[in-house]
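File shown: upload-v4.txt. Contents: compact mmCIF, C-alpha atoms and all ligand atoms.
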# COMPACT_ATOMS: atom_id res chain seq x y z
CA MET A 1 56.14 130.84 117.28
CA ARG A 2 58.82 131.23 114.58
CA ILE A 3 57.15 131.46 111.19
CA ALA A 4 58.58 131.61 107.66
CA VAL A 5 56.54 133.68 105.21
CA THR A 6 57.38 133.17 101.52
CA GLY A 7 56.32 136.15 99.43
CA GLY A 8 56.53 138.24 102.61
CA GLY A 9 57.67 141.29 100.62
CA GLY A 10 54.39 141.45 98.71
CA PHE A 11 51.02 143.03 99.42
CA LEU A 12 49.43 140.31 101.56
CA GLY A 13 52.73 138.82 102.75
CA SER A 14 53.96 142.09 104.25
CA HIS A 15 50.71 142.55 106.18
CA LEU A 16 50.91 138.96 107.40
CA CYS A 17 54.53 139.45 108.57
CA GLU A 18 53.47 142.61 110.40
CA ALA A 19 50.46 140.98 112.07
CA LEU A 20 52.58 138.07 113.30
CA LEU A 21 55.35 140.34 114.60
CA ARG A 22 52.82 142.54 116.39
CA ARG A 23 51.42 139.61 118.32
CA GLY A 24 54.92 138.50 119.35
CA ASP A 25 55.91 135.84 116.80
CA ALA A 26 59.35 135.72 115.17
CA VAL A 27 59.14 136.03 111.38
CA VAL A 28 61.52 134.97 108.60
CA CYS A 29 60.48 136.60 105.33
CA LEU A 30 61.63 135.04 102.03
CA ASP A 31 61.16 137.00 98.82
CA ASN A 32 62.83 137.67 95.47
CA PHE A 33 60.90 140.94 94.90
CA SER A 34 59.70 139.82 91.48
CA THR A 35 56.32 141.47 92.18
CA GLY A 36 56.87 142.67 95.77
CA ARG A 37 58.77 145.72 97.01
CA PRO A 38 61.45 146.26 99.68
CA GLU A 39 59.51 149.30 100.98
CA ASN A 40 56.63 146.98 101.98
CA ILE A 41 58.82 145.53 104.71
CA ALA A 42 61.26 148.39 105.40
CA HIS A 43 59.32 149.34 108.56
CA LEU A 44 59.52 145.75 109.85
CA ARG A 45 63.31 145.94 110.27
CA LYS A 46 62.69 147.67 113.60
CA PHE A 47 61.35 144.41 115.03
CA PRO A 48 64.32 142.40 116.42
CA ALA A 49 62.32 139.22 115.67
CA PHE A 50 62.18 140.00 111.94
CA GLU A 51 64.62 138.37 109.51
CA PHE A 52 64.75 138.70 105.75
CA ILE A 53 66.26 136.20 103.33
CA HIS A 54 66.47 137.25 99.68
CA SER A 55 65.67 134.05 97.83
CA ASP A 56 63.83 132.57 94.89
CA VAL A 57 61.83 129.82 96.57
CA SER A 58 61.44 128.04 93.23
CA VAL A 59 65.16 127.32 93.53
CA ALA A 60 65.40 126.78 97.29
CA ALA A 61 63.53 127.59 100.50
CA ASP A 62 66.11 127.21 103.23
CA VAL A 63 65.83 128.79 106.66
CA PRO A 64 68.45 128.15 109.35
CA GLY A 65 67.04 127.20 112.76
CA PRO A 66 63.72 125.69 113.83
CA LEU A 67 60.31 126.78 112.53
CA ASP A 68 56.79 126.27 113.86
CA ALA A 69 55.00 127.23 110.65
CA VAL A 70 55.58 128.03 106.98
CA ALA A 71 53.13 130.35 105.21
CA HIS A 72 53.58 129.99 101.46
CA LEU A 73 52.40 133.17 99.72
CA ALA A 74 55.10 133.54 97.07
CA SER A 75 53.53 133.85 93.60
CA PRO A 76 52.68 136.59 91.17
CA ALA A 77 48.99 137.29 91.81
CA SER A 78 47.83 140.09 89.53
CA PRO A 79 46.79 138.89 86.04
CA PRO A 80 49.21 141.29 84.23
CA ASP A 81 52.01 140.01 86.52
CA TYR A 82 51.42 136.32 85.93
CA LEU A 83 50.82 136.82 82.21
CA ARG A 84 54.20 138.64 82.10
CA LEU A 85 55.86 135.90 84.22
CA PRO A 86 54.19 132.68 83.01
CA LEU A 87 57.06 130.26 83.58
CA GLU A 88 58.04 131.85 86.91
CA THR A 89 54.40 131.54 88.04
CA LEU A 90 54.27 127.84 87.15
CA ALA A 91 57.66 127.34 88.83
CA VAL A 92 56.73 128.96 92.13
CA GLY A 93 53.36 127.18 92.24
CA SER A 94 55.02 123.81 91.63
CA ARG A 95 58.72 123.67 92.63
CA GLY A 96 58.32 126.63 94.99
CA THR A 97 55.45 124.91 96.79
CA GLU A 98 57.42 121.65 96.97
CA ASN A 99 60.43 123.49 98.45
CA ALA A 100 58.20 125.24 101.01
CA LEU A 101 56.54 121.92 101.89
CA GLU A 102 59.97 120.30 102.39
CA LEU A 103 60.89 123.18 104.71
CA ALA A 104 57.72 122.48 106.73
CA ARG A 105 58.31 118.72 106.71
CA ARG A 106 61.91 119.04 107.97
CA ASN A 107 60.73 121.26 110.82
CA HIS A 108 57.50 119.37 111.69
CA ALA A 109 55.88 122.74 111.07
CA ARG A 110 52.35 123.75 110.09
CA PHE A 111 52.13 124.60 106.36
CA LEU A 112 49.72 127.28 105.16
CA LEU A 113 49.07 127.49 101.42
CA ALA A 114 47.73 130.75 99.95
CA SER A 115 45.56 129.30 97.21
CA THR A 116 42.99 131.22 95.24
CA SER A 117 39.40 131.47 94.04
CA GLU A 118 40.97 131.04 90.58
CA VAL A 119 40.95 127.28 91.20
CA TYR A 120 37.20 127.59 90.43
CA GLY A 121 38.03 129.11 87.00
CA ASP A 122 34.93 130.53 85.30
CA PRO A 123 32.54 128.86 87.74
CA LEU A 124 29.44 127.00 86.59
CA VAL A 125 28.22 126.88 90.20
CA HIS A 126 27.37 130.09 92.03
CA PRO A 127 28.24 131.05 94.72
CA GLN A 128 31.35 128.90 95.13
CA GLU A 129 31.66 126.44 97.99
CA GLU A 130 34.79 124.42 98.57
CA GLU A 131 33.24 121.17 97.28
CA TYR A 132 33.01 122.67 93.78
CA TRP A 133 35.85 121.34 91.56
CA GLY A 134 35.93 124.30 89.21
CA ASN A 135 35.88 125.06 85.50
CA VAL A 136 39.43 125.93 84.43
CA ASN A 137 40.75 126.13 80.87
CA PRO A 138 44.03 124.19 81.20
CA VAL A 139 45.59 125.70 78.06
CA GLY A 140 44.37 129.31 78.19
CA PRO A 141 46.68 132.20 79.18
CA ARG A 142 45.39 132.24 82.79
CA SER A 143 46.19 128.54 83.22
CA VAL A 144 49.76 129.37 84.29
CA TYR A 145 48.27 130.73 87.51
CA ASP A 146 45.13 128.62 87.91
CA GLU A 147 46.80 125.28 87.21
CA ALA A 148 49.87 126.18 89.27
CA LYS A 149 47.60 126.80 92.26
CA ARG A 150 45.60 123.63 91.60
CA TYR A 151 48.88 121.70 91.54
CA ALA A 152 49.98 123.51 94.71
CA GLU A 153 46.80 122.29 96.45
CA ALA A 154 47.33 118.74 95.13
CA VAL A 155 50.97 118.51 96.20
CA SER A 156 50.16 120.02 99.61
CA LEU A 157 47.55 117.34 100.24
CA ALA A 158 49.95 114.66 98.96
CA TYR A 159 52.52 115.83 101.56
CA HIS A 160 49.76 115.74 104.17
CA ARG A 161 48.73 112.19 103.22
CA SER A 162 52.19 110.76 102.51
CA HIS A 163 54.39 112.61 105.03
CA GLY A 164 51.85 113.71 107.65
CA VAL A 165 52.61 117.41 107.13
CA ASP A 166 50.08 119.59 108.99
CA VAL A 167 48.70 121.39 105.92
CA GLY A 168 46.10 124.17 105.80
CA ILE A 169 44.77 125.45 102.47
CA ILE A 170 43.09 128.84 102.13
CA ARG A 171 41.39 129.93 98.89
CA ILE A 172 41.65 133.71 98.81
CA PHE A 173 39.04 135.75 96.92
CA ASN A 174 39.91 139.22 95.50
CA THR A 175 41.57 141.17 98.31
CA TYR A 176 42.64 144.82 98.17
CA GLY A 177 44.06 147.55 100.37
CA PRO A 178 47.16 149.58 101.23
CA ARG A 179 50.53 148.42 99.83
CA MET A 180 49.18 147.23 96.50
CA ARG A 181 51.32 148.55 93.64
CA PRO A 182 49.45 151.44 91.99
CA HIS A 183 50.03 149.95 88.54
CA ASP A 184 49.66 146.27 89.37
CA GLY A 185 46.72 146.13 86.94
CA ARG A 186 44.21 144.74 89.42
CA VAL A 187 40.81 146.33 89.25
CA VAL A 188 40.65 148.15 92.60
CA THR A 189 44.12 149.67 92.25
CA SER A 190 43.58 150.55 88.59
CA PHE A 191 40.26 152.32 89.21
CA ILE A 192 41.50 154.23 92.26
CA ASN A 193 44.67 155.45 90.58
CA GLN A 194 42.89 156.31 87.35
CA ALA A 195 40.25 158.27 89.30
CA LEU A 196 42.87 160.10 91.39
CA GLY A 197 44.88 160.90 88.25
CA GLY A 198 41.85 162.20 86.34
CA GLU A 199 42.26 159.45 83.73
CA PRO A 200 39.43 157.34 82.28
CA LEU A 201 38.48 154.24 84.27
CA THR A 202 39.23 151.18 82.13
CA VAL A 203 36.27 148.79 82.38
CA TYR A 204 36.93 145.49 80.61
CA GLY A 205 34.04 143.91 78.70
CA ASP A 206 30.56 145.24 79.51
CA GLY A 207 31.44 145.58 83.21
CA LYS A 208 28.71 143.11 84.22
CA GLN A 209 31.18 140.48 85.42
CA THR A 210 31.29 140.24 89.22
CA ARG A 211 33.87 139.91 91.95
CA SER A 212 33.59 139.86 95.76
CA PHE A 213 36.07 142.23 97.35
CA CYS A 214 37.70 141.65 100.74
CA TYR A 215 39.66 144.29 102.67
CA VAL A 216 43.19 143.28 103.63
CA SER A 217 42.79 143.45 107.45
CA ASP A 218 39.90 140.96 107.30
CA LEU A 219 41.84 138.59 105.09
CA ILE A 220 44.96 138.69 107.27
CA ARG A 221 42.88 137.92 110.37
CA GLY A 222 41.67 134.80 108.56
CA LEU A 223 45.18 133.73 107.52
CA VAL A 224 46.41 134.06 111.11
CA ALA A 225 43.41 132.04 112.37
CA MET A 226 44.24 129.33 109.82
CA LEU A 227 47.89 129.27 110.91
CA ASP A 228 46.74 128.75 114.50
CA ALA A 229 44.16 126.09 113.59
CA SER A 230 44.83 122.46 112.74
CA VAL A 231 42.17 122.11 110.04
CA THR A 232 43.27 121.11 106.52
CA GLY A 233 40.60 122.82 104.43
CA PRO A 234 40.45 124.03 101.76
CA ILE A 235 38.64 127.03 103.25
CA ASN A 236 37.39 130.03 101.26
CA LEU A 237 38.32 133.46 102.63
CA GLY A 238 36.57 136.39 101.00
CA ASN A 239 33.83 138.94 101.43
CA PRO A 240 30.58 137.54 99.98
CA ASP A 241 29.46 141.07 99.08
CA GLU A 242 29.37 140.70 95.26
CA TRP A 243 29.82 143.69 92.94
CA THR A 244 29.80 144.11 89.20
CA VAL A 245 32.89 145.81 87.83
CA SER A 246 30.70 148.73 86.70
CA GLU A 247 29.29 149.14 90.21
CA LEU A 248 32.84 149.18 91.59
CA ALA A 249 33.80 151.88 89.06
CA GLN A 250 30.85 154.03 90.22
CA LEU A 251 31.79 153.52 93.88
CA VAL A 252 35.38 154.61 93.23
CA LEU A 253 34.16 157.71 91.36
CA GLU A 254 31.88 158.62 94.31
CA ILE A 255 34.54 158.06 96.97
CA THR A 256 37.29 159.92 95.12
CA GLY A 257 34.95 162.68 93.90
CA SER A 258 36.52 162.24 90.47
CA ASP A 259 34.78 163.19 87.23
CA SER A 260 36.81 160.68 85.20
CA GLU A 261 34.85 159.05 82.40
CA ILE A 262 34.43 155.32 81.93
CA GLN A 263 36.17 153.76 78.96
CA TYR A 264 35.34 150.25 77.75
CA HIS A 265 38.08 147.82 76.68
CA PRO A 266 37.94 144.20 75.44
CA LEU A 267 37.42 141.54 78.07
CA PRO A 268 40.65 139.55 78.65
CA THR A 269 40.60 135.89 77.50
CA ASP A 270 38.91 133.52 79.98
CA ASP A 271 38.04 136.36 82.38
CA PRO A 272 35.66 134.72 84.90
CA THR A 273 32.10 136.04 84.69
CA ARG A 274 31.26 135.80 88.39
CA ARG A 275 32.84 135.11 91.73
CA ARG A 276 31.37 134.92 95.23
CA PRO A 277 32.57 132.78 98.13
CA VAL A 278 30.46 130.66 100.43
CA ILE A 279 32.17 131.24 103.79
CA THR A 280 30.33 128.74 105.99
CA ARG A 281 33.51 126.71 106.53
CA ALA A 282 35.49 129.79 107.54
CA ARG A 283 32.78 130.70 110.05
CA GLU A 284 32.57 127.18 111.47
CA HIS A 285 36.26 126.24 111.58
CA LEU A 286 37.90 129.62 112.14
CA GLY A 287 35.11 131.77 113.59
CA TRP A 288 35.95 134.13 110.71
CA TYR A 289 33.82 136.57 108.79
CA PRO A 290 34.67 139.90 107.13
CA GLU A 291 33.97 143.07 109.09
CA VAL A 292 34.99 145.87 106.72
CA SER A 293 32.40 146.91 104.10
CA VAL A 294 33.54 147.45 100.52
CA ALA A 295 32.70 151.17 100.75
CA ASP A 296 34.75 151.55 103.92
CA GLY A 297 37.66 149.49 102.59
CA VAL A 298 37.80 151.37 99.29
CA HIS A 299 37.69 154.65 101.23
CA ARG A 300 40.67 153.57 103.37
CA THR A 301 42.57 152.44 100.26
CA VAL A 302 41.88 155.73 98.47
CA GLU A 303 43.24 157.64 101.47
CA TRP A 304 46.37 155.48 101.46
CA PHE A 305 46.98 156.10 97.75
CA ARG A 306 46.41 159.81 98.39
CA GLY A 307 49.25 159.63 100.88
CA ARG A 308 46.94 160.11 103.85
CA PRO A 309 46.79 156.69 105.43
CA HIS A 310 43.55 156.31 107.33
CA ASP A 311 44.61 155.78 110.94
CA ASP A 312 42.37 152.80 111.47
CA GLY A 313 44.95 150.72 113.29
CA LEU A 314 44.88 148.51 110.21
CA LEU A 315 46.19 145.57 112.10
CA ALA A 316 45.55 146.74 115.63
CA ALA A 317 43.37 143.67 116.11
CA PHE A 318 46.55 141.65 116.48
P1 LIG A 401 52.05 140.15 95.48
O1 LIG A 401 52.50 140.04 94.06
O2 LIG A 401 51.99 141.50 96.08
O3 LIG A 401 52.95 139.26 96.43
C1 LIG A 401 53.59 138.08 96.02
C2 LIG A 401 55.00 138.08 96.58
O4 LIG A 401 55.65 136.84 96.21
C3 LIG A 401 55.87 139.20 96.01
O5 LIG A 401 56.53 139.89 97.05
C4 LIG A 401 56.86 138.50 95.10
O6 LIG A 401 58.06 139.18 94.96
C5 LIG A 401 56.99 137.16 95.81
N1 LIG A 401 57.46 136.09 94.93
C6 LIG A 401 56.96 135.72 93.72
N2 LIG A 401 57.66 134.68 93.24
C7 LIG A 401 58.63 134.39 94.15
C8 LIG A 401 59.67 133.43 94.21
N3 LIG A 401 59.87 132.54 93.22
N4 LIG A 401 60.48 133.43 95.29
C9 LIG A 401 60.29 134.32 96.30
N5 LIG A 401 59.32 135.24 96.29
C10 LIG A 401 58.50 135.28 95.23
O7 LIG A 401 50.62 139.42 95.54
P2 LIG A 401 49.59 139.27 96.76
O8 LIG A 401 48.30 139.84 96.33
O9 LIG A 401 50.20 139.72 98.02
O10 LIG A 401 49.41 137.69 96.80
C11 LIG A 401 50.04 136.89 97.78
C12 LIG A 401 49.56 135.45 97.64
O11 LIG A 401 48.15 135.38 97.84
C13 LIG A 401 49.84 134.83 96.27
O12 LIG A 401 50.22 133.48 96.44
C14 LIG A 401 48.51 134.92 95.58
O13 LIG A 401 48.35 133.90 94.62
C15 LIG A 401 47.54 134.74 96.73
N6 LIG A 401 46.24 135.37 96.42
C16 LIG A 401 46.07 136.72 96.48
C17 LIG A 401 44.83 137.27 96.16
C18 LIG A 401 44.56 138.74 96.24
O14 LIG A 401 43.44 139.15 95.91
N7 LIG A 401 45.47 139.59 96.67
C19 LIG A 401 43.79 136.43 95.76
C20 LIG A 401 44.01 135.07 95.68
C21 LIG A 401 45.24 134.53 96.04
N1 LIG A 402 39.15 144.73 85.28
C1 LIG A 402 38.67 145.87 84.65
N2 LIG A 402 39.52 146.92 84.48
C2 LIG A 402 40.80 146.90 84.92
C3 LIG A 402 41.29 145.76 85.58
C4 LIG A 402 40.44 144.68 85.73
O1 LIG A 402 37.50 145.94 84.24
O2 LIG A 402 41.50 147.93 84.72
C5 LIG A 402 38.23 143.60 85.49
C6 LIG A 402 38.78 142.26 85.04
O3 LIG A 402 38.51 142.04 83.67
C7 LIG A 402 38.02 141.30 85.95
C8 LIG A 402 37.82 142.11 87.22
O4 LIG A 402 38.01 143.47 86.88
O5 LIG A 402 36.76 141.01 85.41
C9 LIG A 402 38.81 141.76 88.32
O6 LIG A 402 40.12 141.83 87.77
P1 LIG A 402 41.43 141.65 88.66
O7 LIG A 402 42.58 141.61 87.71
O8 LIG A 402 41.47 142.65 89.76
O9 LIG A 402 41.23 140.22 89.38
P2 LIG A 402 40.89 138.75 88.84
O10 LIG A 402 40.52 138.79 87.40
O11 LIG A 402 42.14 137.98 89.09
O12 LIG A 402 39.74 138.33 89.69

Any chance you could put this one into structure tokens?
Amino acid sequence: MRIAVTGGGGFLGSHLCEALLRRGDAVVCLDNFSTGRPENIAHLRKFPAFEFIHSDVSVAADVPGPLDAVAHLASPASPPDYLRLPLETLAVGSRGTENALELARRNHARFLLASTSEVYGDPLVHPQEEEYWGNVNPVGPRSVYDEAKRYAEAVSLAYHRSHGVDVGIIRIFNTYGPRMRPHDGRVVTSFINQALGGEPLTVYGDGKQTRSFCYVSDLIRGLVAMLDASVTGPINLGNPDEWTVSELAQLVLEITGSDSEIQYHPLPTDDPTRRRPVITRAREHLGWYPEVSVADGVHRTVEWFRGRPHDDGLLAAF
């Protein structure tokens, strides 16, 4: 297959490009490096089937030649990133998604949308199954991301219904691992880098809010399965193992052996209080479930940030 990956220079996108190349697909990566990094894909240049197009997909998503699939991952994803880039985030979720859908429509290609658990907002139903419509503040600071992704889902399904585009929507829950930017502000990266640097771990609020953390290799396996499937979804992908932020801080301290203290900071506006995916659909439609425990995944990520990548054949499964 020949697959376009928007946002392919980012954390998840670069792993997806690599997984597809390793199994023999040709990959066209589109990125503007607003939150991604050229070094994420530098090692992919050795694959003759890898192409890179520097482009802002909110302006245009054009790829010469035929495509079998378009995976649309372009979007700031870390809260500090999308709060810093509010209009760009709305643009790539709306116009960027429309441009990527047009690319898929012109090529009669499968379209994979990387949506998010943020469509559930601060959920009133727990754990979250795909039938839940969510509880999003449409005018709060996070709305630039949440509402952009909700629109992206809506316009994807409109293209499916009106133009017959073969759409697949994945709702990704907090995913972490190698290639995250050390200062991207997300909780796993922040805690690991604070612990390794001997700085205080910054817990927001009372640390009792929860998230469910998925290791990158598991998540990528699910994205590839969704690309290969013909199901529309939406389908949750995430590790249902739910942790409080305080528990995560303790785990990072244990794994790093750091004696950093914990420092409490105000909870950001509209920070969701809890998050855990129901993954029955992923199991039934994709045969997918996470295999890497949070302790193991955090250990591997710590080693990567220490500059000693754990040789776990991260993506050997492909
Ligand atoms: P990331 O910031 O590392 O990657 C996003 C990539 O998109 C970057 O390389 C960035 O430069 C690129 N990009 C942004 N705007 C663009 C534009 N207009 N044109 C071209 N490229 C653009 O983030 P990530 O964690 O890899 O997230 C990838 C996707 O997965 C995002 O759509 C995100 O919303 C979704 N997601 C991620 C998580 C997670 O926990 N990592 C959770 C839910 C959803
Ligand atoms: N968080 C924290 N300290 C940090 C960064 C984040 O306590 O240095 C908290 C944040 O308030 C949220 C959780 O960790 O409750 C997950 O935050 P992240 O930004 O990683 O993801 P998201 O909020 O998008 O789920």

Self-check item: Test item: residues no farther than 6 Å from ligand LIG 401 (chain A), counting only C-alpha atoms and all ligand atoms, as a PyMOL selection string
Solution: chain A and resi 6-13+30-36+55-58+73-77+92+114-116+172-175

Quiz item: To one decimal place, how far is CA of Ala26 (chain A) from CA of Asp68 (chain A) in Å?
Solution: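 Atom-to-atom, CA of Ala26 (chain A) to CA of Asp68 (chain A), that is 9.9 Å.
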
Practice problem: Write out as a VMD selection string the residues lying within 8 Å of region 130-135 of chain A, counting all atoms listed in the file and excluding same-chain residues fewer than 5 positions away. | Solution: chain A and resid 119 to 125 234 to 236 278

Self-check item: Spatial neighbours of Leu101 (chain A), max dist 9 Å, all atoms listed in the file, sep filter under 5 positions, as a ChimeraX atom specification
Solution: /A:70,72,96,106,111,155-156,159,165,167

Per residue of chain A within 9 Å of ligand LIG 402 (chain A), record the nearest atom pair and its distance in Å to one decimal, counting all atoms listed in the file, with rows in chain order and ascending residue number, as JSON lines.
{"residue": "A:Ala77", "atom": "CA", "partner": "A:LIG402", "partner_atom": "O11", "distance": 7.4}
{"residue": "A:Ser78", "atom": "CA", "partner": "A:LIG402", "partner_atom": "O7", "distance": 5.8}
{"residue": "A:Pro79", "atom": "CA", "partner": "A:LIG402", "partner_atom": "O7", "distance": 5.3}
{"residue": "A:Pro80", "atom": "CA", "partner": "A:LIG402", "partner_atom": "O7", "distance": 7.5}
{"residue": "A:Ser117", "atom": "CA", "partner": "A:LIG402", "partner_atom": "O12", "distance": 8.1}
{"residue": "A:Glu118", "atom": "CA", "partner": "A:LIG402", "partner_atom": "O11", "distance": 7.2}
{"residue": "A:Phe173", "atom": "CA", "partner": "A:LIG402", "partner_atom": "O12", "distance": 7.7}
{"residue": "A:Asn174", "atom": "CA", "partner": "A:LIG402", "partner_atom": "O12", "distance": 5.9}
{"residue": "A:Thr175", "atom": "CA", "partner": "A:LIG402", "partner_atom": "O8", "distance": 8.7}
{"residue": "A:Tyr176", "atom": "CA", "partner": "A:LIG402", "partner_atom": "O8", "distance": 8.8}
{"residue": "A:Asp184", "atom": "CA", "partner": "A:LIG402", "partner_atom": "O7", "distance": 8.6}
{"residue": "A:Gly185", "atom": "CA", "partner": "A:LIG402", "partner_atom": "C3", "distance": 5.6}
{"residue": "A:Arg186", "atom": "CA", "partner": "A:LIG402", "partner_atom": "O8", "distance": 3.5}
{"residue": "A:Val187", "atom": "CA", "partner": "A:LIG402", "partner_atom": "C3", "distance": 3.7}
{"residue": "A:Val188", "atom": "CA", "partner": "A:LIG402", "partner_atom": "O8", "distance": 6.2}
{"residue": "A:Thr189", "atom": "CA", "partner": "A:LIG402", "partner_atom": "O8", "distance": 7.9}
{"residue": "A:Ser190", "atom": "CA", "partner": "A:LIG402", "partner_atom": "O2", "distance": 5.1}
{"residue": "A:Phe191", "atom": "CA", "partner": "A:LIG402", "partner_atom": "O2", "distance": 6.4}
{"residue": "A:Gln194", "atom": "CA", "partner": "A:LIG402", "partner_atom": "O2", "distance": 8.9}
{"residue": "A:Leu201", "atom": "CA", "partner": "A:LIG402", "partner_atom": "O2", "distance": 7.0}
{"residue": "A:Thr202", "atom": "CA", "partner": "A:LIG402", "partner_atom": "O2", "distance": 4.7}
{"residue": "A:Val203", "atom": "CA", "partner": "A:LIG402", "partner_atom": "O1", "distance": 3.6}
{"residue": "A:Tyr204", "atom": "CA", "partner": "A:LIG402", "partner_atom": "O1", "distance": 3.7}
{"residue": "A:Gly205", "atom": "CA", "partner": "A:LIG402", "partner_atom": "O1", "distance": 6.8}
{"residue": "A:Asp206", "atom": "CA", "partner": "A:LIG402", "partner_atom": "O1", "distance": 8.4}
{"residue": "A:Gly207", "atom": "CA", "partner": "A:LIG402", "partner_atom": "O1", "distance": 6.2}
{"residue": "A:Lys208", "atom": "CA", "partner": "A:LIG402", "partner_atom": "O5", "distance": 8.4}
{"residue": "A:Gln209", "atom": "CA", "partner": "A:LIG402", "partner_atom": "O5", "distance": 5.6}
{"residue": "A:Thr210", "atom": "CA", "partner": "A:LIG402", "partner_atom": "O5", "distance": 6.7}
{"residue": "A:Arg211", "atom": "CA", "partner": "A:LIG402", "partner_atom": "C9", "distance": 6.4}
{"residue": "A:Ser212", "atom": "CA", "partner": "A:LIG402", "partner_atom": "O12", "distance": 8.8}
{"residue": "A:Thr244", "atom": "CA", "partner": "A:LIG402", "partner_atom": "C8", "distance": 8.5}
{"residue": "A:Val245", "atom": "CA", "partner": "A:LIG402", "partner_atom": "O4", "distance": 5.7}
{"residue": "A:Ser246", "atom": "CA", "partner": "A:LIG402", "partner_atom": "O1", "distance": 7.8}
{"residue": "A:Ala249", "atom": "CA", "partner": "A:LIG402", "partner_atom": "O1", "distance": 8.5}
{"residue": "A:Tyr264", "atom": "CA", "partner": "A:LIG402", "partner_atom": "O1", "distance": 8.1}
{"residue": "A:His265", "atom": "CA", "partner": "A:LIG402", "partner_atom": "O1", "distance": 7.8}
{"residue": "A:Pro266", "atom": "CA", "partner": "A:LIG402", "partner_atom": "O3", "distance": 8.5}
{"residue": "A:Leu267", "atom": "CA", "partner": "A:LIG402", "partner_atom": "O3", "distance": 5.7}
{"residue": "A:Pro268", "atom": "CA", "partner": "A:LIG402", "partner_atom": "O3", "distance": 6.0}
{"residue": "A:Thr269", "atom": "CA", "partner": "A:LIG402", "partner_atom": "O3", "distance": 9.0}
{"residue": "A:Asp271", "atom": "CA", "partner": "A:LIG402", "partner_atom": "O5", "distance": 5.7}
{"residue": "A:Pro272", "atom": "CA", "partner": "A:LIG402", "partner_atom": "O5", "distance": 6.4}
{"residue": "A:Thr273", "atom": "CA", "partner": "A:LIG402", "partner_atom": "O5", "distance": 6.9}
{"residue": "A:Arg274", "atom": "CA", "partner": "A:LIG402", "partner_atom": "O5", "distance": 8.1}
{"residue": "A:Arg275", "atom": "CA", "partner": "A:LIG402", "partner_atom": "O12", "distance": 7.9}

Quiz item: Do you have the CA of Asn40 (chain A)-CA of Leu16 (chain A) distance handy?
Solution: 11.2 Å

Serialized region 249-280 of chain A w/ C-alpha atoms as a tab-separated table (two decimals), in the first residue's frame:
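The resulting file, result-v3.tsv, is shown below:
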chain	number	residue	atom	x	y	z
A	249	ALA	CA	4.43	10.51	40.10
A	250	GLN	CA	5.31	7.81	42.66
A	251	LEU	CA	5.89	5.24	39.91
A	252	VAL	CA	8.25	7.59	38.07
A	253	LEU	CA	10.17	8.27	41.30
A	254	GLU	CA	10.54	4.51	41.91
A	255	ILE	CA	11.62	3.69	38.36
A	256	THR	CA	14.11	6.55	38.08
A	257	GLY	CA	15.37	6.14	41.67
A	258	SER	CA	15.05	9.91	42.02
A	259	ASP	CA	14.59	11.67	45.35
A	260	SER	CA	12.86	14.65	43.75
A	261	GLU	CA	10.09	16.12	45.87
A	262	ILE	CA	6.51	16.60	44.75
A	263	GLN	CA	5.33	20.17	44.25
A	264	TYR	CA	1.65	21.04	43.90
A	265	HIS	CA	0.45	23.58	41.32
A	266	PRO	CA	-3.05	24.85	40.43
A	267	LEU	CA	-5.18	22.56	38.29
A	268	PRO	CA	-5.50	23.93	34.73
A	269	THR	CA	-8.98	25.17	33.70
A	270	ASP	CA	-11.36	22.38	32.65
A	271	ASP	CA	-8.78	19.65	33.36
A	272	PRO	CA	-10.80	16.40	33.13
A	273	THR	CA	-11.16	14.61	36.47
A	274	ARG	CA	-11.07	11.05	35.13
A	275	ARG	CA	-10.44	9.10	31.97
A	276	ARG	CA	-10.62	5.38	31.22
A	277	PRO	CA	-11.52	3.72	27.92
A	278	VAL	CA	-13.89	0.84	27.38
A	279	ILE	CA	-12.06	-1.16	24.70
A	280	THR	CA	-14.69	-3.78	23.84
